[in-house]
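Take a look at the structure set out below.
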Amino acid sequence: MKPFSRYLANMLIVAISCTATIHATPVAETHKPQEQLIRSVILSRHGVRSPTQAPEKLAAWADKPWPAWPVAPGELTPRGYELVLAQWRALKPELSKYALLPENGCPAPEHYSLIADKDQRTVRTAMAISEGLFPNCGIEPEQGSRYNRLFHPDATAYKHLDRQAALEEVRDRLQALENDPAITSALDRIQEITGCCSIPSQQRQNIPLEKLATMISINTANARFAITGKWPIASTLAEIMLLEYGQWPGKNAGWGQADQTVLQEIVPLHDRIFDAIHRTPALAKAGNSELLRHIRDTLLSDTSPALSILVGHDTNIAGIGGLLDIGWNLPGQGPNSIFPGSFIHFGLWQKADGSREVRIDYHAPTYLTLHTEPAPVVLPEYVHASKPAYTPEVFSQTVDDACAP
């Protein structure tokens with residue numbers, strides 16, 4: 001995405017190019033005027049949702065009552081819809097500028113693709129995207145069993161997984177967190193805010209987070225990864241407070257104790273734990289190879305729509321990052337953060353000499369945009385990566401190599 005030259009309502013959406021080590025170059029140097037964006041494939045996370053956990057589980061993780069959410073567990077909230085709508089309404093002029101969408105009216109069906117995972121939060125997020133980009137067009141996301149494997153591969157996708165090697169790698173990654181002062185501090189802060197934990201199944205009460213044993217396993221029947229203990233609970237608690245911050249802009253999260261400064265301390269703990277699990281190469285390959293191949297095939301096929309949008313989950317974005325060995329570092333958020341409503345943009349560009357390049361960007365809301373009332377006019381900014389772009393041939397081979405059993 002090219003940068004906008006102005007900010008409206010003093011808001012912005014940060015867009016950071018994916019690269020193992022980010023070195024941003026000036027925005028003005030990003031793309032030459034004679035370059036053309038030929039095709040875009042976007043993988044988005046859903047917007048702000050309620051916690052996915054059952055109320056009784058949440059009750060065991062805090063010594064005070066949780067706030068009441070306006071929707072069922074795991075569903076996109078009206079506020080989440082509003083934020084996504086504002087973001088994509090602001091993006092429409094940029095996409096129209098590159099002729100990916102008509103400036104007025106509705107696009108022809110062959111010019112776009114909008115696919116959503118089956119969950120309410122992803123379907124409603126796709127509807128918000130549709131309303132932002134295609135107002136009054138009545139365009140609904142595609143769904144169905146043929147897309148389920150993109151976001152949730154079945155057990156056959158895990159048949160080549162070396163379970164023991166995957167478990168050992170995750171254990172090593174989590175072990176590296178034990179002696180990290182920033183992680184220790186964040187764990188203490190989460191403990192202080194929540195008073196976690198009361199674990200009836202262990203027949204003991206008020207066990208602090210740091211004392212909970214971490215258990216890792218892979219189900220032998222369906223090969224799905226499972227983890228329990230302090231790390232997944234702490235990670236989830238940090239994310240819930242981020243979601244609260246987006247849901248209720250008039251107050252701080254965490255029973256009033258988590259403002260932006262506190263969130264900037266505890267959310268990176270969530271990101272590090274999330275990385276340790278979902279970017280682990282073996283698990284990323286098993287869980288996201290079909291999705292990555294779909295992105296590659298859509299992007300490079302001349303019969304594909306100019307704009308294709310897939311709406312899935314943070315696990316999908318993390319898995320794609322792990323498969324391609326790319327990362328992002330957003331100012332004020334830290335490495336590989338995946339805020340609600342964020343997305344990876346795969347762009348096929350044609351240069352002045354007629355050659356083509358594949359470039360990958362990462363876009364996300366900021367703490368400020370999540371917490372502003374009413375929903376802000378969210379404008380995108382683009383920062384060029386230091387990593388060289390792929391030729392289409394190299395990108396295709398990179399995907400094949402990453403997804404090979």
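Ligands are numbered from 1 in the order shown, chains are lettered A, B, ... in the order of the structure tokens, and residues start at 1 in each chain.
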
*Could you pull the residues within 8 Å of Gly332 in chain A, counting only C-alpha atoms, minus those fewer than 2 positions along the same chain, as a PyMOL selection string?*
chain A and resi 264+330+334

Selection to disk with N, CA, C and O atoms, as a PDB file, in the first residue's frame:
```
ATOM      1  N   GLN A 264       1.710  -2.202  26.943  1.00  0.00           N
ATOM      2  CA  GLN A 264       2.972  -2.318  26.213  1.00  0.00           C
ATOM      3  C   GLN A 264       3.987  -3.169  26.976  1.00  0.00           C
ATOM      4  O   GLN A 264       4.957  -3.653  26.391  1.00  0.00           O
ATOM      5  N   LEU A 330       6.386  -3.467  14.913  1.00  0.00           N
ATOM      6  CA  LEU A 330       5.599  -2.245  14.863  1.00  0.00           C
ATOM      7  C   LEU A 330       6.002  -1.309  15.995  1.00  0.00           C
ATOM      8  O   LEU A 330       6.115  -1.745  17.140  1.00  0.00           O
ATOM      9  N   GLY A 334       6.187  -3.980  19.268  1.00  0.00           N
ATOM     10  CA  GLY A 334       7.190  -5.018  19.381  1.00  0.00           C
ATOM     11  C   GLY A 334       7.106  -6.048  18.271  1.00  0.00           C
ATOM     12  O   GLY A 334       6.220  -5.999  17.412  1.00  0.00           O
TER      13      GLY A 334
END
```

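Using only C-alpha atoms, the residues found no farther than 10 Å from Arg272 in chain A, other than those of its own chain fewer than 6 positions away, are Arg173, Leu174, Leu177, Ile183, Trp231, Ser235, Arg279, Gly334, Pro335, Asn336 and Ser337 of chain A.
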
Save the residues we just selected, N, CA and C atoms, as an mmCIF file, in the first residue's frame?
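Writing done, so here's result_19.cif:
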```cif
data_model
loop_
_atom_site.group_PDB
_atom_site.id
_atom_site.type_symbol
_atom_site.label_atom_id
_atom_site.label_comp_id
_atom_site.auth_asym_id
_atom_site.auth_seq_id
_atom_site.Cartn_x
_atom_site.Cartn_y
_atom_site.Cartn_z
ATOM 1 N N ARG A 173 11.871 -23.161 23.001
ATOM 2 C CA ARG A 173 11.471 -21.759 22.822
ATOM 3 C C ARG A 173 10.848 -21.197 24.100
ATOM 4 N N LEU A 174 10.022 -21.990 24.760
ATOM 5 C CA LEU A 174 9.426 -21.524 26.005
ATOM 6 C C LEU A 174 10.447 -21.444 27.125
ATOM 7 N N LEU A 177 12.219 -18.232 27.626
ATOM 8 C CA LEU A 177 11.500 -17.127 28.264
ATOM 9 C C LEU A 177 11.739 -17.067 29.770
ATOM 10 N N ILE A 183 10.049 -10.642 30.357
ATOM 11 C CA ILE A 183 8.960 -11.614 30.469
ATOM 12 C C ILE A 183 8.596 -11.831 31.933
ATOM 13 N N TRP A 231 2.216 -20.408 30.888
ATOM 14 C CA TRP A 231 2.443 -19.628 29.678
ATOM 15 C C TRP A 231 1.172 -19.394 28.881
ATOM 16 N N SER A 235 -0.494 -15.680 28.575
ATOM 17 C CA SER A 235 -0.652 -15.156 27.218
ATOM 18 C C SER A 235 -2.094 -14.749 26.957
ATOM 19 N N ARG A 279 4.786 -20.073 15.438
ATOM 20 C CA ARG A 279 5.801 -19.870 14.400
ATOM 21 C C ARG A 279 6.849 -20.980 14.393
ATOM 22 N N GLY A 334 6.187 -3.980 19.268
ATOM 23 C CA GLY A 334 7.190 -5.018 19.381
ATOM 24 C C GLY A 334 7.106 -6.048 18.271
ATOM 25 N N PRO A 335 8.021 -7.020 18.283
ATOM 26 C CA PRO A 335 8.116 -7.986 17.187
ATOM 27 C C PRO A 335 6.894 -8.892 17.076
ATOM 28 N N ASN A 336 6.403 -9.011 15.851
ATOM 29 C CA ASN A 336 5.403 -10.006 15.475
ATOM 30 C C ASN A 336 4.080 -9.900 16.237
ATOM 31 N N SER A 337 3.737 -8.715 16.678
ATOM 32 C CA SER A 337 2.437 -8.503 17.301
ATOM 33 C C SER A 337 1.342 -8.626 16.243
#
```

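Between Ile207 in chain A and the candidates A:Arg39, A:Asn219, A:Asp63, A:Asp314, the tightest atom-to-atom separation, counting only C-alpha atoms, involves A:Asp63.
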
Given only C-alpha atoms, how would the per-residue table for range 36-93 of chain A near range 250-254 of chain A read, listing every residue at most 12 Å away with its closest atom pair and distance in Å to one decimal, sorted by chain and number, as a Markdown table?
```
| residue | atom | partner | partner_atom | distance |
| --- | --- | --- | --- | --- |
| A:Ala62 | CA | A:Gly254 | CA | 10.1 |
| A:Asp63 | CA | A:Gly254 | CA | 11.7 |
| A:Lys64 | CA | A:Gly254 | CA | 10.2 |
| A:Pro65 | CA | A:Gly254 | CA | 10.7 |
| A:Trp66 | CA | A:Gly254 | CA | 8.7 |
| A:Pro67 | CA | A:Gly254 | CA | 9.2 |
```

Set the distance at 9 Å and use only C-alpha atoms: which residues neighbour Cys403 in chain A once local chain neighbours fewer than 6 positions away are removed? I'd like the list as a tab-separated table (two decimals) with N, CA and C atoms, in the first residue's frame.
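Writing done, so here's part09.tsv:
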```
chain	number	residue	atom	x	y	z
A	285	LYS	N	4.23	-25.35	9.40
A	285	LYS	CA	4.12	-26.07	8.13
A	285	LYS	C	2.88	-26.96	8.13
A	286	ALA	N	2.67	-27.68	9.22
A	286	ALA	CA	1.52	-28.58	9.27
A	286	ALA	C	0.20	-27.82	9.22
A	288	ASN	N	-0.41	-24.52	8.11
A	288	ASN	CA	-0.66	-23.39	7.20
A	288	ASN	C	-0.12	-23.58	5.79
A	289	SER	N	0.37	-24.77	5.45
A	289	SER	CA	0.92	-24.98	4.11
A	289	SER	C	-0.13	-24.78	3.03
A	290	GLU	N	-1.32	-25.32	3.24
A	290	GLU	CA	-2.36	-25.19	2.23
A	290	GLU	C	-2.77	-23.73	2.05
A	292	LEU	N	-0.80	-21.08	2.57
A	292	LEU	CA	0.28	-20.37	1.88
A	292	LEU	C	0.29	-20.70	0.39
A	293	ARG	N	0.05	-21.96	0.05
A	293	ARG	CA	-0.01	-22.31	-1.38
A	293	ARG	C	-1.17	-21.58	-2.07
A	323	LEU	N	6.38	-19.85	8.33
A	323	LEU	CA	6.69	-20.61	7.13
A	323	LEU	C	7.64	-19.85	6.21
```

*Would you please give, as number ranges by chain, all residues of range 89-332 of chain A that DSSP assigns to strand (DSSP E) based on the backbone?*
A: 112-116, 215-218, 225-228, 307-312, 329-330

*Can you pull out every residue within 10 Å of range 389-397 of chain A, counting only C-alpha atoms, but drop anything in the same chain fewer than 2 positions away, and send it as a VMD selection string?*
chain A and resid 293 296 to 297 299 to 300 324 348 to 349 355 to 360 385 to 387 399 to 403

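Between Glu142 in chain A and the candidates A:Asp117, A:Asp154, A:Glu94, A:Asp180, the tightest atom-to-atom separation, counting only C-alpha atoms, involves A:Asp117.
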
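Using only C-alpha atoms for every distance, the candidate list A:Pro268, A:Gly319, A:Pro249, A:Pro305 yields A:Pro305 as the residue closest to Leu100 in chain A.
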
Test item, alpha helix (DSSP H) assignment across range 105-230 of chain A, answer as a PDB file with N, CA, C and O atoms, in the first residue's frame:
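Result saved to selection19.pdb:
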```
ATOM      1  N   GLN A 120     -18.142 -16.966  13.573  1.00  0.00           N
ATOM      2  CA  GLN A 120     -18.895 -15.707  13.537  1.00  0.00           C
ATOM      3  C   GLN A 120     -17.966 -14.513  13.451  1.00  0.00           C
ATOM      4  O   GLN A 120     -18.236 -13.549  12.719  1.00  0.00           O
ATOM      5  N   ARG A 121     -16.869 -14.532  14.196  1.00  0.00           N
ATOM      6  CA  ARG A 121     -15.976 -13.370  14.242  1.00  0.00           C
ATOM      7  C   ARG A 121     -15.287 -13.115  12.903  1.00  0.00           C
ATOM      8  O   ARG A 121     -15.003 -11.959  12.562  1.00  0.00           O
ATOM      9  N   THR A 122     -15.009 -14.177  12.145  1.00  0.00           N
ATOM     10  CA  THR A 122     -14.379 -13.989  10.847  1.00  0.00           C
ATOM     11  C   THR A 122     -15.411 -13.601   9.788  1.00  0.00           C
ATOM     12  O   THR A 122     -15.136 -12.751   8.932  1.00  0.00           O
ATOM     13  N   VAL A 123     -16.592 -14.195   9.853  1.00  0.00           N
ATOM     14  CA  VAL A 123     -17.644 -13.839   8.900  1.00  0.00           C
ATOM     15  C   VAL A 123     -18.069 -12.386   9.082  1.00  0.00           C
ATOM     16  O   VAL A 123     -18.181 -11.622   8.107  1.00  0.00           O
ATOM     17  N   ARG A 124     -18.270 -11.969  10.327  1.00  0.00           N
ATOM     18  CA  ARG A 124     -18.671 -10.585  10.579  1.00  0.00           C
ATOM     19  C   ARG A 124     -17.554  -9.597  10.228  1.00  0.00           C
ATOM     20  O   ARG A 124     -17.830  -8.490   9.745  1.00  0.00           O
ATOM     21  N   THR A 125     -16.315  -9.985  10.448  1.00  0.00           N
ATOM     22  CA  THR A 125     -15.204  -9.127  10.034  1.00  0.00           C
ATOM     23  C   THR A 125     -15.199  -8.966   8.523  1.00  0.00           C
ATOM     24  O   THR A 125     -15.003  -7.853   7.999  1.00  0.00           O
ATOM     25  N   ALA A 126     -15.421 -10.062   7.800  1.00  0.00           N
ATOM     26  CA  ALA A 126     -15.492  -9.975   6.343  1.00  0.00           C
ATOM     27  C   ALA A 126     -16.639  -9.073   5.896  1.00  0.00           C
ATOM     28  O   ALA A 126     -16.510  -8.325   4.918  1.00  0.00           O
ATOM     29  N   MET A 127     -17.772  -9.116   6.612  1.00  0.00           N
ATOM     30  CA  MET A 127     -18.887  -8.245   6.280  1.00  0.00           C
ATOM     31  C   MET A 127     -18.527  -6.776   6.492  1.00  0.00           C
ATOM     32  O   MET A 127     -18.926  -5.911   5.717  1.00  0.00           O
ATOM     33  N   ALA A 128     -17.756  -6.502   7.557  1.00  0.00           N
ATOM     34  CA  ALA A 128     -17.308  -5.129   7.800  1.00  0.00           C
ATOM     35  C   ALA A 128     -16.352  -4.661   6.703  1.00  0.00           C
ATOM     36  O   ALA A 128     -16.414  -3.517   6.249  1.00  0.00           O
ATOM     37  N   ILE A 129     -15.464  -5.552   6.281  1.00  0.00           N
ATOM     38  CA  ILE A 129     -14.567  -5.230   5.168  1.00  0.00           C
ATOM     39  C   ILE A 129     -15.377  -4.939   3.908  1.00  0.00           C
ATOM     40  O   ILE A 129     -15.122  -3.972   3.182  1.00  0.00           O
ATOM     41  N   SER A 130     -16.373  -5.785   3.647  1.00  0.00           N
ATOM     42  CA  SER A 130     -17.217  -5.605   2.473  1.00  0.00           C
ATOM     43  C   SER A 130     -17.947  -4.259   2.509  1.00  0.00           C
ATOM     44  O   SER A 130     -18.000  -3.538   1.509  1.00  0.00           O
ATOM     45  N   GLU A 131     -18.487  -3.907   3.684  1.00  0.00           N
ATOM     46  CA  GLU A 131     -19.192  -2.633   3.797  1.00  0.00           C
ATOM     47  C   GLU A 131     -18.249  -1.455   3.605  1.00  0.00           C
ATOM     48  O   GLU A 131     -18.625  -0.425   3.037  1.00  0.00           O
ATOM     49  N   GLY A 132     -17.007  -1.607   4.081  1.00  0.00           N
ATOM     50  CA  GLY A 132     -16.036  -0.532   3.908  1.00  0.00           C
ATOM     51  C   GLY A 132     -15.586  -0.360   2.470  1.00  0.00           C
ATOM     52  O   GLY A 132     -15.421   0.766   1.990  1.00  0.00           O
ATOM     53  N   LEU A 133     -15.376  -1.470   1.766  1.00  0.00           N
ATOM     54  CA  LEU A 133     -14.871  -1.416   0.395  1.00  0.00           C
ATOM     55  C   LEU A 133     -15.976  -1.350  -0.646  1.00  0.00           C
ATOM     56  O   LEU A 133     -15.824  -0.709  -1.687  1.00  0.00           O
ATOM     57  N   SER A 145     -17.164 -25.717   2.985  1.00  0.00           N
ATOM     58  CA  SER A 145     -16.196 -26.721   3.403  1.00  0.00           C
ATOM     59  C   SER A 145     -14.913 -26.667   2.588  1.00  0.00           C
ATOM     60  O   SER A 145     -13.841 -27.038   3.084  1.00  0.00           O
ATOM     61  N   ARG A 146     -14.982 -26.190   1.338  1.00  0.00           N
ATOM     62  CA  ARG A 146     -13.773 -26.157   0.522  1.00  0.00           C
ATOM     63  C   ARG A 146     -12.749 -25.160   1.040  1.00  0.00           C
ATOM     64  O   ARG A 146     -11.592 -25.203   0.654  1.00  0.00           O
ATOM     65  N   TYR A 147     -13.193 -24.243   1.906  1.00  0.00           N
ATOM     66  CA  TYR A 147     -12.267 -23.260   2.469  1.00  0.00           C
ATOM     67  C   TYR A 147     -11.820 -23.614   3.889  1.00  0.00           C
ATOM     68  O   TYR A 147     -10.885 -23.008   4.410  1.00  0.00           O
ATOM     69  N   ASN A 148     -12.496 -24.559   4.524  1.00  0.00           N
ATOM     70  CA  ASN A 148     -12.191 -24.851   5.924  1.00  0.00           C
ATOM     71  C   ASN A 148     -10.744 -25.261   6.134  1.00  0.00           C
ATOM     72  O   ASN A 148     -10.102 -24.882   7.125  1.00  0.00           O
ATOM     73  N   ARG A 149     -10.192 -26.045   5.204  1.00  0.00           N
ATOM     74  CA  ARG A 149      -8.814 -26.514   5.349  1.00  0.00           C
ATOM     75  C   ARG A 149      -7.801 -25.388   5.232  1.00  0.00           C
ATOM     76  O   ARG A 149      -6.663 -25.534   5.687  1.00  0.00           O
ATOM     77  N   LEU A 150      -8.185 -24.285   4.616  1.00  0.00           N
ATOM     78  CA  LEU A 150      -7.250 -23.159   4.546  1.00  0.00           C
ATOM     79  C   LEU A 150      -6.926 -22.638   5.937  1.00  0.00           C
ATOM     80  O   LEU A 150      -5.788 -22.307   6.248  1.00  0.00           O
ATOM     81  N   PHE A 151      -7.941 -22.542   6.779  1.00  0.00           N
ATOM     82  CA  PHE A 151      -7.782 -21.948   8.098  1.00  0.00           C
ATOM     83  C   PHE A 151      -7.639 -22.993   9.204  1.00  0.00           C
ATOM     84  O   PHE A 151      -7.025 -22.712  10.238  1.00  0.00           O
ATOM     85  N   ARG A 163       6.325 -35.442  15.683  1.00  0.00           N
ATOM     86  CA  ARG A 163       5.735 -34.939  16.914  1.00  0.00           C
ATOM     87  C   ARG A 163       6.788 -34.633  17.971  1.00  0.00           C
ATOM     88  O   ARG A 163       6.750 -33.598  18.627  1.00  0.00           O
ATOM     89  N   GLN A 164       7.723 -35.543  18.168  1.00  0.00           N
ATOM     90  CA  GLN A 164       8.716 -35.352  19.217  1.00  0.00           C
ATOM     91  C   GLN A 164       9.599 -34.145  18.936  1.00  0.00           C
ATOM     92  O   GLN A 164       9.902 -33.357  19.831  1.00  0.00           O
ATOM     93  N   ALA A 165      10.007 -33.986  17.690  1.00  0.00           N
ATOM     94  CA  ALA A 165      10.848 -32.839  17.325  1.00  0.00           C
ATOM     95  C   ALA A 165      10.095 -31.530  17.532  1.00  0.00           C
ATOM     96  O   ALA A 165      10.665 -30.540  18.005  1.00  0.00           O
ATOM     97  N   ALA A 166       8.787 -31.524  17.175  1.00  0.00           N
ATOM     98  CA  ALA A 166       7.993 -30.316  17.361  1.00  0.00           C
ATOM     99  C   ALA A 166       7.850 -29.968  18.834  1.00  0.00           C
ATOM    100  O   ALA A 166       7.982 -28.801  19.235  1.00  0.00           O
ATOM    101  N   LEU A 167       7.603 -30.993  19.671  1.00  0.00           N
ATOM    102  CA  LEU A 167       7.482 -30.754  21.109  1.00  0.00           C
ATOM    103  C   LEU A 167       8.779 -30.212  21.688  1.00  0.00           C
ATOM    104  O   LEU A 167       8.767 -29.274  22.496  1.00  0.00           O
ATOM    105  N   GLU A 168       9.886 -30.772  21.288  1.00  0.00           N
ATOM    106  CA  GLU A 168      11.176 -30.324  21.826  1.00  0.00           C
ATOM    107  C   GLU A 168      11.472 -28.894  21.411  1.00  0.00           C
ATOM    108  O   GLU A 168      12.015 -28.103  22.203  1.00  0.00           O
ATOM    109  N   GLU A 169      11.118 -28.537  20.175  1.00  0.00           N
ATOM    110  CA  GLU A 169      11.390 -27.176  19.730  1.00  0.00           C
ATOM    111  C   GLU A 169      10.541 -26.166  20.501  1.00  0.00           C
ATOM    112  O   GLU A 169      11.032 -25.107  20.898  1.00  0.00           O
ATOM    113  N   VAL A 170       9.262 -26.490  20.715  1.00  0.00           N
ATOM    114  CA  VAL A 170       8.418 -25.584  21.491  1.00  0.00           C
ATOM    115  C   VAL A 170       8.932 -25.471  22.920  1.00  0.00           C
ATOM    116  O   VAL A 170       8.987 -24.376  23.491  1.00  0.00           O
ATOM    117  N   ARG A 171       9.323 -26.589  23.523  1.00  0.00           N
ATOM    118  CA  ARG A 171       9.869 -26.549  24.882  1.00  0.00           C
ATOM    119  C   ARG A 171      11.104 -25.654  24.949  1.00  0.00           C
ATOM    120  O   ARG A 171      11.270 -24.861  25.885  1.00  0.00           O
ATOM    121  N   ASP A 172      11.988 -25.775  23.971  1.00  0.00           N
ATOM    122  CA  ASP A 172      13.195 -24.952  23.959  1.00  0.00           C
ATOM    123  C   ASP A 172      12.847 -23.475  23.846  1.00  0.00           C
ATOM    124  O   ASP A 172      13.450 -22.622  24.515  1.00  0.00           O
ATOM    125  N   ARG A 173      11.871 -23.161  23.001  1.00  0.00           N
ATOM    126  CA  ARG A 173      11.471 -21.759  22.822  1.00  0.00           C
ATOM    127  C   ARG A 173      10.848 -21.197  24.100  1.00  0.00           C
ATOM    128  O   ARG A 173      11.098 -20.042  24.465  1.00  0.00           O
ATOM    129  N   LEU A 174      10.022 -21.990  24.760  1.00  0.00           N
ATOM    130  CA  LEU A 174       9.426 -21.524  26.005  1.00  0.00           C
ATOM    131  C   LEU A 174      10.447 -21.444  27.125  1.00  0.00           C
ATOM    132  O   LEU A 174      10.392 -20.537  27.970  1.00  0.00           O
ATOM    133  N   GLN A 175      11.398 -22.360  27.149  1.00  0.00           N
ATOM    134  CA  GLN A 175      12.436 -22.334  28.172  1.00  0.00           C
ATOM    135  C   GLN A 175      13.261 -21.060  28.090  1.00  0.00           C
ATOM    136  O   GLN A 175      13.704 -20.518  29.104  1.00  0.00           O
ATOM    137  N   PRO A 181      14.223 -11.023  31.718  1.00  0.00           N
ATOM    138  CA  PRO A 181      13.691 -10.076  32.723  1.00  0.00           C
ATOM    139  C   PRO A 181      12.378  -9.409  32.287  1.00  0.00           C
ATOM    140  O   PRO A 181      11.499  -9.184  33.121  1.00  0.00           O
ATOM    141  N   ALA A 182      12.260  -9.092  30.994  1.00  0.00           N
ATOM    142  CA  ALA A 182      11.044  -8.433  30.523  1.00  0.00           C
ATOM    143  C   ALA A 182       9.840  -9.364  30.646  1.00  0.00           C
ATOM    144  O   ALA A 182       8.735  -8.936  31.019  1.00  0.00           O
ATOM    145  N   ILE A 183      10.049 -10.642  30.357  1.00  0.00           N
ATOM    146  CA  ILE A 183       8.960 -11.614  30.469  1.00  0.00           C
ATOM    147  C   ILE A 183       8.596 -11.831  31.933  1.00  0.00           C
ATOM    148  O   ILE A 183       7.417 -11.906  32.303  1.00  0.00           O
ATOM    149  N   THR A 184       9.607 -11.931  32.785  1.00  0.00           N
ATOM    150  CA  THR A 184       9.359 -12.096  34.222  1.00  0.00           C
ATOM    151  C   THR A 184       8.570 -10.924  34.780  1.00  0.00           C
ATOM    152  O   THR A 184       7.621 -11.097  35.560  1.00  0.00           O
ATOM    153  N   SER A 185       8.949  -9.716  34.366  1.00  0.00           N
ATOM    154  CA  SER A 185       8.245  -8.515  34.821  1.00  0.00           C
ATOM    155  C   SER A 185       6.800  -8.507  34.337  1.00  0.00           C
ATOM    156  O   SER A 185       5.876  -8.165  35.090  1.00  0.00           O
ATOM    157  N   ALA A 186       6.587  -8.896  33.088  1.00  0.00           N
ATOM    158  CA  ALA A 186       5.230  -8.934  32.546  1.00  0.00           C
ATOM    159  C   ALA A 186       4.380  -9.972  33.253  1.00  0.00           C
ATOM    160  O   ALA A 186       3.198  -9.735  33.553  1.00  0.00           O
ATOM    161  N   LEU A 187       4.982 -11.124  33.560  1.00  0.00           N
ATOM    162  CA  LEU A 187       4.252 -12.169  34.282  1.00  0.00           C
ATOM    163  C   LEU A 187       3.829 -11.666  35.658  1.00  0.00           C
ATOM    164  O   LEU A 187       2.691 -11.891  36.101  1.00  0.00           O
ATOM    165  N   ASP A 188       4.743 -10.968  36.335  1.00  0.00           N
ATOM    166  CA  ASP A 188       4.426 -10.411  37.654  1.00  0.00           C
ATOM    167  C   ASP A 188       3.298  -9.385  37.568  1.00  0.00           C
ATOM    168  O   ASP A 188       2.419  -9.336  38.436  1.00  0.00           O
ATOM    169  N   ARG A 189       3.340  -8.565  36.512  1.00  0.00           N
ATOM    170  CA  ARG A 189       2.299  -7.540  36.365  1.00  0.00           C
ATOM    171  C   ARG A 189       0.931  -8.185  36.110  1.00  0.00           C
ATOM    172  O   ARG A 189      -0.092  -7.742  36.666  1.00  0.00           O
ATOM    173  N   ILE A 190       0.881  -9.208  35.282  1.00  0.00           N
ATOM    174  CA  ILE A 190      -0.383  -9.905  35.033  1.00  0.00           C
ATOM    175  C   ILE A 190      -0.899 -10.537  36.321  1.00  0.00           C
ATOM    176  O   ILE A 190      -2.096 -10.491  36.619  1.00  0.00           O
ATOM    177  N   GLN A 191       0.011 -11.113  37.099  1.00  0.00           N
ATOM    178  CA  GLN A 191      -0.364 -11.702  38.384  1.00  0.00           C
ATOM    179  C   GLN A 191      -0.950 -10.640  39.307  1.00  0.00           C
ATOM    180  O   GLN A 191      -1.989 -10.848  39.966  1.00  0.00           O
ATOM    181  N   GLU A 192      -0.312  -9.507  39.345  1.00  0.00           N
ATOM    182  CA  GLU A 192      -0.750  -8.403  40.202  1.00  0.00           C
ATOM    183  C   GLU A 192      -2.141  -7.913  39.818  1.00  0.00           C
ATOM    184  O   GLU A 192      -2.990  -7.636  40.680  1.00  0.00           O
ATOM    185  N   ILE A 193      -2.416  -7.818  38.519  1.00  0.00           N
ATOM    186  CA  ILE A 193      -3.700  -7.298  38.049  1.00  0.00           C
ATOM    187  C   ILE A 193      -4.824  -8.296  38.268  1.00  0.00           C
ATOM    188  O   ILE A 193      -5.926  -7.934  38.706  1.00  0.00           O
ATOM    189  N   THR A 194      -4.565  -9.566  37.988  1.00  0.00           N
ATOM    190  CA  THR A 194      -5.639 -10.560  37.976  1.00  0.00           C
ATOM    191  C   THR A 194      -5.797 -11.327  39.285  1.00  0.00           C
ATOM    192  O   THR A 194      -6.887 -11.822  39.586  1.00  0.00           O
ATOM    193  N   LYS A 230       1.247 -22.046  33.010  1.00  0.00           N
ATOM    194  CA  LYS A 230       1.396 -20.596  33.192  1.00  0.00           C
ATOM    195  C   LYS A 230       1.514 -19.831  31.877  1.00  0.00           C
ATOM    196  O   LYS A 230       0.963 -18.726  31.750  1.00  0.00           O
TER     197      LYS A 230
END
```

_Contacts of Asn316 in chain A at 9 Å (only C-alpha atoms; same-chain gap of 4+ positions) as number ranges by chain_ = A: 43-45, 150-152, 278, 284, 287-288, 291, 312, 320-321

*What is the CA of Asp259 in chain A-CA of Thr214 in chain A distance in Å, reported with one decimal?*
28.6 Å

*Which neighbours of range 77-92 of chain A fall inside 9 Å, counting only C-alpha atoms, when residues of the same chain fewer than 3 positions from it are skipped, and could you give them as JSON, numbers by chain?*
{"A": [1, 13, 46, 47, 48, 49, 50, 69, 70, 71, 95, 96, 97, 101, 103, 121, 124, 125, 126, 127, 128, 129, 130, 131, 132, 133, 134, 135, 246, 247, 248, 340, 341, 365, 369, 370, 374, 375, 376, 377, 378, 379, 380]}

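Of note, CA of Ala404 in chain A and CA of Ser304 in chain A are spaced 24.1 Å apart.
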